[in-house]
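Student: Dropping in final03.tsv, with TSV, N, CA and C atoms.
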chain	number	residue	atom	x	y	z
A	1	MET	N	0.85	-1.16	0.00
A	1	MET	CA	0.00	0.00	0.00
A	1	MET	C	0.90	1.24	0.00
A	2	ASP	N	0.55	2.22	-0.79
A	2	ASP	CA	1.37	3.42	-0.87
A	2	ASP	C	1.04	4.39	0.27
A	3	ALA	N	1.89	5.39	0.45
A	3	ALA	CA	1.74	6.33	1.56
A	3	ALA	C	0.39	7.06	1.51
A	4	ALA	N	-0.06	7.45	0.34
A	4	ALA	CA	-1.34	8.16	0.23
A	4	ALA	C	-2.50	7.28	0.70
A	5	GLY	N	-2.47	6.01	0.36
A	5	GLY	CA	-3.52	5.09	0.78
A	5	GLY	C	-3.51	4.89	2.29
A	6	ILE	N	-2.32	4.80	2.87
A	6	ILE	CA	-2.20	4.65	4.32
A	6	ILE	C	-2.70	5.91	5.01
A	7	GLU	N	-2.30	7.07	4.52
A	7	GLU	CA	-2.74	8.32	5.13
A	7	GLU	C	-4.26	8.46	5.06
A	8	GLU	N	-4.85	8.05	3.95
A	8	GLU	CA	-6.31	8.10	3.83
A	8	GLU	C	-6.98	7.16	4.84
A	9	MET	N	-6.40	5.99	5.01
A	9	MET	CA	-6.94	5.01	5.94
A	9	MET	C	-6.98	5.56	7.36
A	10	PHE	N	-5.98	6.36	7.72
A	10	PHE	CA	-5.85	6.87	9.08
A	10	PHE	C	-6.38	8.30	9.26
A	11	GLN	N	-7.07	8.83	8.27
A	11	GLN	CA	-7.54	10.21	8.37
A	11	GLN	C	-8.48	10.44	9.54
A	12	GLY	N	-9.22	9.43	9.97
A	12	GLY	CA	-10.10	9.56	11.12
A	12	GLY	C	-9.35	9.68	12.44
A	13	LEU	N	-8.07	9.37	12.44
A	13	LEU	CA	-7.24	9.46	13.63
A	13	LEU	C	-6.43	10.76	13.62
A	14	GLY	N	-5.94	11.11	12.46
A	14	GLY	CA	-5.10	12.29	12.31
A	14	GLY	C	-3.87	11.95	11.51
A	15	PRO	N	-2.91	12.87	11.45
A	15	PRO	CA	-1.73	12.64	10.63
A	15	PRO	C	-0.88	11.47	11.15
A	16	VAL	N	-0.33	10.74	10.21
A	16	VAL	CA	0.55	9.62	10.54
A	16	VAL	C	1.91	9.81	9.87
A	17	THR	N	2.89	9.18	10.46
A	17	THR	CA	4.24	9.14	9.91
A	17	THR	C	4.51	7.70	9.51
A	18	ILE	N	5.11	7.51	8.36
A	18	ILE	CA	5.37	6.17	7.85
A	18	ILE	C	6.88	5.98	7.75
A	19	ARG	N	7.37	4.91	8.35
A	19	ARG	CA	8.81	4.61	8.33
A	19	ARG	C	9.03	3.18	7.86
A	20	ARG	N	10.07	2.98	7.07
A	20	ARG	CA	10.42	1.64	6.63
A	20	ARG	C	10.96	0.84	7.81
A	21	MET	N	10.54	-0.44	7.88
A	21	MET	CA	11.05	-1.32	8.93
A	21	MET	C	10.79	-2.78	8.56
A	22	PHE	N	11.71	-3.64	8.86
A	22	PHE	CA	11.56	-5.09	8.70
A	22	PHE	C	10.96	-5.50	7.36
A	23	GLY	N	11.35	-4.85	6.29
A	23	GLY	CA	10.82	-5.20	4.98
A	23	GLY	C	9.41	-4.69	4.75
A	24	GLY	N	8.90	-3.90	5.66
A	24	GLY	CA	7.56	-3.32	5.53
A	24	GLY	C	7.60	-1.88	5.99
A	25	LYS	N	6.53	-1.44	6.62
A	25	LYS	CA	6.45	-0.07	7.09
A	25	LYS	C	5.85	-0.04	8.48
A	26	GLY	N	6.35	0.87	9.31
A	26	GLY	CA	5.74	1.17	10.59
A	26	GLY	C	4.90	2.42	10.42
A	27	ILE	N	3.72	2.44	10.99
A	27	ILE	CA	2.81	3.57	10.89
A	27	ILE	C	2.64	4.15	12.29
A	28	TYR	N	2.97	5.42	12.44
A	28	TYR	CA	3.01	6.08	13.74
A	28	TYR	C	2.03	7.26	13.79
A	29	HIS	N	1.45	7.46	14.95
A	29	HIS	CA	0.62	8.64	15.21
A	29	HIS	C	1.11	9.23	16.52
A	30	LEU	N	1.49	10.50	16.49
A	30	LEU	CA	2.02	11.20	17.66
A	30	LEU	C	3.16	10.43	18.32
A	31	GLY	N	4.02	9.86	17.48
A	31	GLY	CA	5.21	9.18	17.97
A	31	GLY	C	5.03	7.75	18.44
A	32	ARG	N	3.81	7.23	18.37
A	32	ARG	CA	3.55	5.85	18.82
A	32	ARG	C	3.18	4.99	17.63
A	33	ILE	N	3.71	3.79	17.59
A	33	ILE	CA	3.39	2.89	16.48
A	33	ILE	C	1.97	2.36	16.67
A	34	VAL	N	1.16	2.53	15.63
A	34	VAL	CA	-0.25	2.11	15.69
A	34	VAL	C	-0.55	0.99	14.70
A	35	ALA	N	0.36	0.78	13.75
A	35	ALA	CA	0.11	-0.24	12.73
A	35	ALA	C	1.41	-0.56	12.01
A	36	VAL	N	1.40	-1.66	11.30
A	36	VAL	CA	2.49	-2.02	10.40
A	36	VAL	C	1.88	-2.40	9.05
A	37	GLU	N	2.67	-2.21	8.03
A	37	GLU	CA	2.27	-2.66	6.70
A	37	GLU	C	3.27	-3.76	6.32
A	38	VAL	N	2.74	-4.94	6.07
A	38	VAL	CA	3.57	-6.09	5.73
A	38	VAL	C	2.96	-6.76	4.50
A	39	GLY	N	3.75	-6.90	3.46
A	39	GLY	CA	3.26	-7.57	2.26
A	39	GLY	C	2.04	-6.90	1.64
A	40	GLY	N	1.95	-5.58	1.77
A	40	GLY	CA	0.83	-4.84	1.20
A	40	GLY	C	-0.40	-4.79	2.07
A	41	GLU	N	-0.37	-5.43	3.24
A	41	GLU	CA	-1.52	-5.43	4.15
A	41	GLU	C	-1.21	-4.60	5.38
A	42	VAL	N	-2.16	-3.74	5.76
A	42	VAL	CA	-2.02	-2.95	6.98
A	42	VAL	C	-2.60	-3.76	8.13
A	43	LEU	N	-1.83	-3.84	9.21
A	43	LEU	CA	-2.22	-4.57	10.41
A	43	LEU	C	-2.23	-3.59	11.57
A	44	LEU	N	-3.33	-3.55	12.31
A	44	LEU	CA	-3.51	-2.59	13.39
A	44	LEU	C	-3.08	-3.16	14.74
A	45	LYS	N	-2.49	-2.30	15.56
A	45	LYS	CA	-2.03	-2.70	16.89
A	45	LYS	C	-3.23	-3.01	17.77
A	46	ALA	N	-3.11	-4.07	18.55
A	46	ALA	CA	-4.14	-4.44	19.52
A	46	ALA	C	-3.44	-4.97	20.77
A	47	ASP	N	-4.20	-5.10	21.83
A	47	ASP	CA	-3.67	-5.64	23.07
A	47	ASP	C	-4.74	-6.52	23.71
A	48	ALA	N	-4.50	-6.95	24.93
A	48	ALA	CA	-5.45	-7.85	25.59
A	48	ALA	C	-6.84	-7.24	25.70
A	49	GLU	N	-6.92	-5.92	25.80
A	49	GLU	CA	-8.22	-5.25	25.91
A	49	GLU	C	-8.96	-5.18	24.58
A	50	SER	N	-8.24	-4.88	23.50
A	50	SER	CA	-8.90	-4.67	22.21
A	50	SER	C	-8.88	-5.88	21.28
A	51	ALA	N	-8.00	-6.84	21.50
A	51	ALA	CA	-7.91	-8.01	20.62
A	51	ALA	C	-9.24	-8.76	20.50
A	52	PRO	N	-10.00	-8.93	21.59
A	52	PRO	CA	-11.29	-9.62	21.43
A	52	PRO	C	-12.25	-8.92	20.46
A	53	GLU	N	-12.18	-7.58	20.40
A	53	GLU	CA	-13.02	-6.86	19.45
A	53	GLU	C	-12.60	-7.15	18.02
A	54	PHE	N	-11.29	-7.19	17.79
A	54	PHE	CA	-10.80	-7.52	16.45
A	54	PHE	C	-11.22	-8.94	16.07
A	55	ALA	N	-11.07	-9.88	16.98
A	55	ALA	CA	-11.45	-11.26	16.71
A	55	ALA	C	-12.94	-11.37	16.40
A	56	ALA	N	-13.77	-10.67	17.18
A	56	ALA	CA	-15.22	-10.72	16.97
A	56	ALA	C	-15.62	-10.14	15.62
A	57	ALA	N	-14.80	-9.21	15.10
A	57	ALA	CA	-15.09	-8.60	13.80
A	57	ALA	C	-14.54	-9.42	12.64
A	58	GLY	N	-13.94	-10.58	12.93
A	58	GLY	CA	-13.43	-11.45	11.88
A	58	GLY	C	-11.99	-11.19	11.48
A	59	SER	N	-11.28	-10.35	12.23
A	59	SER	CA	-9.88	-10.08	11.93
A	59	SER	C	-9.01	-11.25	12.36
A	60	SER	N	-7.81	-11.31	11.80
A	60	SER	CA	-6.88	-12.36	12.19
A	60	SER	C	-5.60	-11.74	12.73
A	61	GLN	N	-5.03	-12.40	13.72
A	61	GLN	CA	-3.80	-11.91	14.34
A	61	GLN	C	-2.61	-12.28	13.48
A	62	TRP	N	-1.67	-11.36	13.35
A	62	TRP	CA	-0.46	-11.59	12.57
A	62	TRP	C	0.50	-12.45	13.38
A	63	PHE	N	1.09	-13.42	12.72
A	63	PHE	CA	2.12	-14.23	13.35
A	63	PHE	C	3.16	-14.59	12.31
A	64	TYR	N	4.30	-14.99	12.78
A	64	TYR	CA	5.34	-15.51	11.89
A	64	TYR	C	5.85	-16.81	12.47
A	65	GLU	N	6.54	-17.57	11.65
A	65	GLU	CA	7.05	-18.86	12.09
A	65	GLU	C	8.38	-18.65	12.81
A	66	GLY	N	8.44	-19.09	14.06
A	66	GLY	CA	9.65	-18.96	14.86
A	66	GLY	C	10.73	-19.95	14.45
A	67	LYS	N	11.86	-19.89	15.12
A	67	LYS	CA	13.02	-20.73	14.79
A	67	LYS	C	12.71	-22.22	14.87
A	68	LYS	N	11.86	-22.62	15.79
A	68	LYS	CA	11.53	-24.04	15.94
A	68	LYS	C	10.26	-24.41	15.18
A	69	GLY	N	9.80	-23.52	14.31
A	69	GLY	CA	8.61	-23.81	13.52
A	69	GLY	C	7.30	-23.48	14.21
A	70	ASN	N	7.39	-22.94	15.41
A	70	ASN	CA	6.18	-22.58	16.15
A	70	ASN	C	5.73	-21.17	15.78
A	71	PRO	N	4.43	-20.93	15.75
A	71	PRO	CA	3.96	-19.58	15.43
A	71	PRO	C	4.27	-18.60	16.57
A	72	VAL	N	4.75	-17.43	16.19
A	72	VAL	CA	5.01	-16.35	17.14
A	72	VAL	C	3.98	-15.27	16.87
A	73	LYS	N	3.05	-15.10	17.79
A	73	LYS	CA	1.97	-14.13	17.61
A	73	LYS	C	2.47	-12.72	17.92
A	74	MET	N	2.08	-11.80	17.05
A	74	MET	CA	2.44	-10.39	17.20
A	74	MET	C	1.19	-9.60	17.58
A	75	PRO	N	1.37	-8.42	18.17
A	75	PRO	CA	0.20	-7.64	18.63
A	75	PRO	C	-0.45	-6.81	17.53
A	76	TYR	N	-0.59	-7.39	16.35
A	76	TYR	CA	-1.17	-6.69	15.21
A	76	TYR	C	-2.23	-7.57	14.56
A	77	TRP	N	-3.33	-6.94	14.17
A	77	TRP	CA	-4.47	-7.65	13.62
A	77	TRP	C	-4.88	-7.05	12.28
A	78	SER	N	-5.44	-7.88	11.42
A	78	SER	CA	-5.93	-7.39	10.13
A	78	SER	C	-7.10	-6.42	10.35
A	79	VAL	N	-7.28	-5.53	9.39
A	79	VAL	CA	-8.37	-4.56	9.45
A	79	VAL	C	-9.68	-5.30	9.12
A	80	PRO	N	-10.71	-5.11	9.94
A	80	PRO	CA	-12.00	-5.75	9.63
A	80	PRO	C	-12.50	-5.33	8.25
A	81	GLU	N	-13.01	-6.28	7.48
A	81	GLU	CA	-13.45	-6.02	6.11
A	81	GLU	C	-14.43	-4.86	5.99
A	82	ALA	N	-15.38	-4.76	6.92
A	82	ALA	CA	-16.40	-3.70	6.85
A	82	ALA	C	-15.79	-2.31	6.91
A	83	ALA	N	-14.61	-2.18	7.51
A	83	ALA	CA	-13.99	-0.87	7.65
A	83	ALA	C	-13.51	-0.30	6.32
A	84	TYR	N	-13.20	-1.16	5.35
A	84	TYR	CA	-12.71	-0.67	4.07
A	84	TYR	C	-13.76	0.11	3.29
A	85	ASP	N	-15.03	-0.14	3.55
A	85	ASP	CA	-16.11	0.52	2.82
A	85	ASP	C	-16.76	1.66	3.60
A	86	ASP	N	-16.31	1.91	4.82
A	86	ASP	CA	-16.97	2.88	5.68
A	86	ASP	C	-15.93	3.68	6.46
A	87	PRO	N	-15.72	4.95	6.09
A	87	PRO	CA	-14.71	5.76	6.78
A	87	PRO	C	-14.94	5.89	8.28
A	88	ASP	N	-16.21	5.93	8.72
A	88	ASP	CA	-16.49	6.01	10.15
A	88	ASP	C	-16.08	4.72	10.86
A	89	GLU	N	-16.33	3.60	10.21
A	89	GLU	CA	-15.93	2.30	10.76
A	89	GLU	C	-14.41	2.20	10.82
A	90	MET	N	-13.73	2.67	9.77
A	90	MET	CA	-12.26	2.65	9.76
A	90	MET	C	-11.73	3.52	10.89
A	91	ALA	N	-12.35	4.68	11.10
A	91	ALA	CA	-11.91	5.57	12.17
A	91	ALA	C	-12.00	4.88	13.53
A	92	LYS	N	-13.03	4.10	13.73
A	92	LYS	CA	-13.19	3.35	14.99
A	92	LYS	C	-12.00	2.42	15.22
A	93	TRP	N	-11.62	1.68	14.19
A	93	TRP	CA	-10.55	0.69	14.34
A	93	TRP	C	-9.18	1.33	14.49
A	94	VAL	N	-8.92	2.40	13.76
A	94	VAL	CA	-7.61	3.03	13.91
A	94	VAL	C	-7.50	3.73	15.27
A	95	ARG	N	-8.62	4.22	15.81
A	95	ARG	CA	-8.60	4.78	17.17
A	95	ARG	C	-8.32	3.68	18.20
A	96	LEU	N	-8.91	2.50	18.00
A	96	LEU	CA	-8.62	1.37	18.90
A	96	LEU	C	-7.13	1.03	18.87
A	97	ALA	N	-6.54	1.09	17.69
A	97	ALA	CA	-5.10	0.81	17.56
A	97	ALA	C	-4.28	1.84	18.33
A	98	TYR	N	-4.67	3.11	18.22
A	98	TYR	CA	-3.94	4.15	18.94
A	98	TYR	C	-4.11	3.98	20.46
A	99	GLU	N	-5.30	3.64	20.90
A	99	GLU	CA	-5.53	3.40	22.33
A	99	GLU	C	-4.66	2.26	22.84
A	100	ALA	N	-4.51	1.20	22.04
A	100	ALA	CA	-3.62	0.08	22.42
A	100	ALA	C	-2.18	0.56	22.50
A	101	ALA	N	-1.78	1.43	21.59
A	101	ALA	CA	-0.42	1.97	21.61
A	101	ALA	C	-0.19	2.79	22.87
A	102	LEU	N	-1.18	3.56	23.27
A	102	LEU	CA	-1.07	4.35	24.51
A	102	LEU	C	-0.93	3.44	25.73
A	103	ARG	N	-1.69	2.37	25.77
A	103	ARG	CA	-1.63	1.45	26.91
A	103	ARG	C	-0.32	0.69	26.96
A	104	ALA	N	0.35	0.53	25.83
A	104	ALA	CA	1.59	-0.24	25.77
A	104	ALA	C	2.74	0.45	26.50
A	105	GLU	N	2.59	1.72	26.77
A	105	GLU	CA	3.70	2.44	27.42
A	105	GLU	C	3.64	2.41	28.91
Would you put the structure from the file into structure tokens?
Tutor:
Amino acid sequence: MDAAGIEEMFQGLGPVTIRRMFGGKGIYHLGRIVAVEVGGEVLLKADAESAPEFAAAGSSQWFYEGKKGNPVKMPYWSVPEAAYDDPDEMAKWVRLAYEAALRAE
């Protein structure tokens, strides 16, 4: 996803900064990482409080295969499908990601 598309996705939250990292991009709002872009997919930050909401909306948690072949779960979830067609719905999810970023500190 290009920078303009990412910025549009996060317009309900406010301005974002995009930095290259780990073969993808880190997406920051007010200095806190709120999402990553990996393989063209934006994944939103979640935590123990917000992850159940992502799961209930049909999102999937990002993981990678660890050294011993076991999945290593990361605190990032796919964007719920309904959010792509509704800017208000997208704003809800990106705000949840920012709230998780605030709690992480």
Student: At a cut-off of 6.5 Å around the point (-8.6, 4.9, 8.5) (file coordinates), what residues fall inside when counting only N, CA and C atoms? I'd like the answer as JSON, numbers by chain.
Tutor: {"A": [8, 9, 10, 11, 12, 13, 87, 90, 91, 94]}
Student: If you run DSSP over the backbone, which residues in stretch 1-57 of chain A end up alpha helix (DSSP H)? Put them as a list in words.
Tutor: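 These are the residues in question: Ala3, Ala4, Gly5, Ile6, Glu7, Glu8, Met9, Ala51, Pro52, Glu53, Phe54, Ala55 and Ala56 of chain A.
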Student: Can you tell me how far atom CA of A:Pro52 sits from atom CA of A:Gly23, in Å to one decimal?
Tutor: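 A separation of 27.9 Å between them.
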Student: Provide the atom C of A:Ala100 to atom N of A:Gly5 distance in Å, to one decimal place.
Tutor: 22.8 Å
Student: When you draw a straight line from atom CA of A:Ala104 to atom CA of A:Asp86, how long is it in Å?
Tutor: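 Interatomic distance here is 27.5 Å.
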Student: Got a sec: who's within 7 Å of stretch 70-82 of chain A, counting all atoms listed in the file, leaving out chain neighbours fewer than 6 positions off, as a list in words?
Tutor: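 Near stretch 70-82 of chain A, the qualifying residues are Val36, Val42, Leu43, Leu44, Lys45, Ala46, Asp47, Phe54, Ala57, Gly58, Ser59, Ser60, Gln61, Trp62, Phe63, Tyr64, Glu89 and Met90 of chain A.
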Student: To test your reading of the structure, identify every residue in chain A that backbone DSSP assigns to strand (DSSP E or B), and report it as a VMD selection string.
Tutor: chain A and resid 17 to 21 24 to 29 32 to 38 41 to 45 61 to 65 71 to 78
Student: Around the point (-3.1, 0.8, 20.1), in the coordinates given by the file, pick out the residues reaching within 6.5 Å, counting only N, CA and C atoms, and return them as an MDAnalysis selection string.
Tutor: chainID A and resid 33:34 45:47 95:103
Student: Name all residues at most 12 Å from A:Arg20 (count only C-alpha atoms; drop same-chain ones fewer than 3 positions away) and give them as a list in words.
Tutor: Asp2, Ala3, Thr17, Gly23, Gly24, Lys25, Gly26, Ile27, Tyr28, Val36, Glu37 and Val38 of chain A
Student: Could those selected residues go to a file with N, CA and C atoms, as a PDB file, in the frame of the given file?
Tutor:
ATOM      1  N   ASP A   2       0.550   2.220  -0.790  1.00  0.00           N
ATOM      2  CA  ASP A   2       1.370   3.420  -0.870  1.00  0.00           C
ATOM      3  C   ASP A   2       1.040   4.390   0.270  1.00  0.00           C
ATOM      4  N   ALA A   3       1.890   5.390   0.450  1.00  0.00           N
ATOM      5  CA  ALA A   3       1.740   6.330   1.560  1.00  0.00           C
ATOM      6  C   ALA A   3       0.390   7.060   1.510  1.00  0.00           C
ATOM      7  N   THR A  17       2.890   9.180  10.460  1.00  0.00           N
ATOM      8  CA  THR A  17       4.240   9.140   9.910  1.00  0.00           C
ATOM      9  C   THR A  17       4.510   7.700   9.510  1.00  0.00           C
ATOM     10  N   GLY A  23      11.350  -4.850   6.290  1.00  0.00           N
ATOM     11  CA  GLY A  23      10.820  -5.200   4.980  1.00  0.00           C
ATOM     12  C   GLY A  23       9.410  -4.690   4.750  1.00  0.00           C
ATOM     13  N   GLY A  24       8.900  -3.900   5.660  1.00  0.00           N
ATOM     14  CA  GLY A  24       7.560  -3.320   5.530  1.00  0.00           C
ATOM     15  C   GLY A  24       7.600  -1.880   5.990  1.00  0.00           C
ATOM     16  N   LYS A  25       6.530  -1.440   6.620  1.00  0.00           N
ATOM     17  CA  LYS A  25       6.450  -0.070   7.090  1.00  0.00           C
ATOM     18  C   LYS A  25       5.850  -0.040   8.480  1.00  0.00           C
ATOM     19  N   GLY A  26       6.350   0.870   9.310  1.00  0.00           N
ATOM     20  CA  GLY A  26       5.740   1.170  10.590  1.00  0.00           C
ATOM     21  C   GLY A  26       4.900   2.420  10.420  1.00  0.00           C
ATOM     22  N   ILE A  27       3.720   2.440  10.990  1.00  0.00           N
ATOM     23  CA  ILE A  27       2.810   3.570  10.890  1.00  0.00           C
ATOM     24  C   ILE A  27       2.640   4.150  12.290  1.00  0.00           C
ATOM     25  N   TYR A  28       2.970   5.420  12.440  1.00  0.00           N
ATOM     26  CA  TYR A  28       3.010   6.080  13.740  1.00  0.00           C
ATOM     27  C   TYR A  28       2.030   7.260  13.790  1.00  0.00           C
ATOM     28  N   VAL A  36       1.400  -1.660  11.300  1.00  0.00           N
ATOM     29  CA  VAL A  36       2.490  -2.020  10.400  1.00  0.00           C
ATOM     30  C   VAL A  36       1.880  -2.400   9.050  1.00  0.00           C
ATOM     31  N   GLU A  37       2.670  -2.210   8.030  1.00  0.00           N
ATOM     32  CA  GLU A  37       2.270  -2.660   6.700  1.00  0.00           C
ATOM     33  C   GLU A  37       3.270  -3.760   6.320  1.00  0.00           C
ATOM     34  N   VAL A  38       2.740  -4.940   6.070  1.00  0.00           N
ATOM     35  CA  VAL A  38       3.570  -6.090   5.730  1.00  0.00           C
ATOM     36  C   VAL A  38       2.960  -6.760   4.500  1.00  0.00           C
TER      37      VAL A  38
END
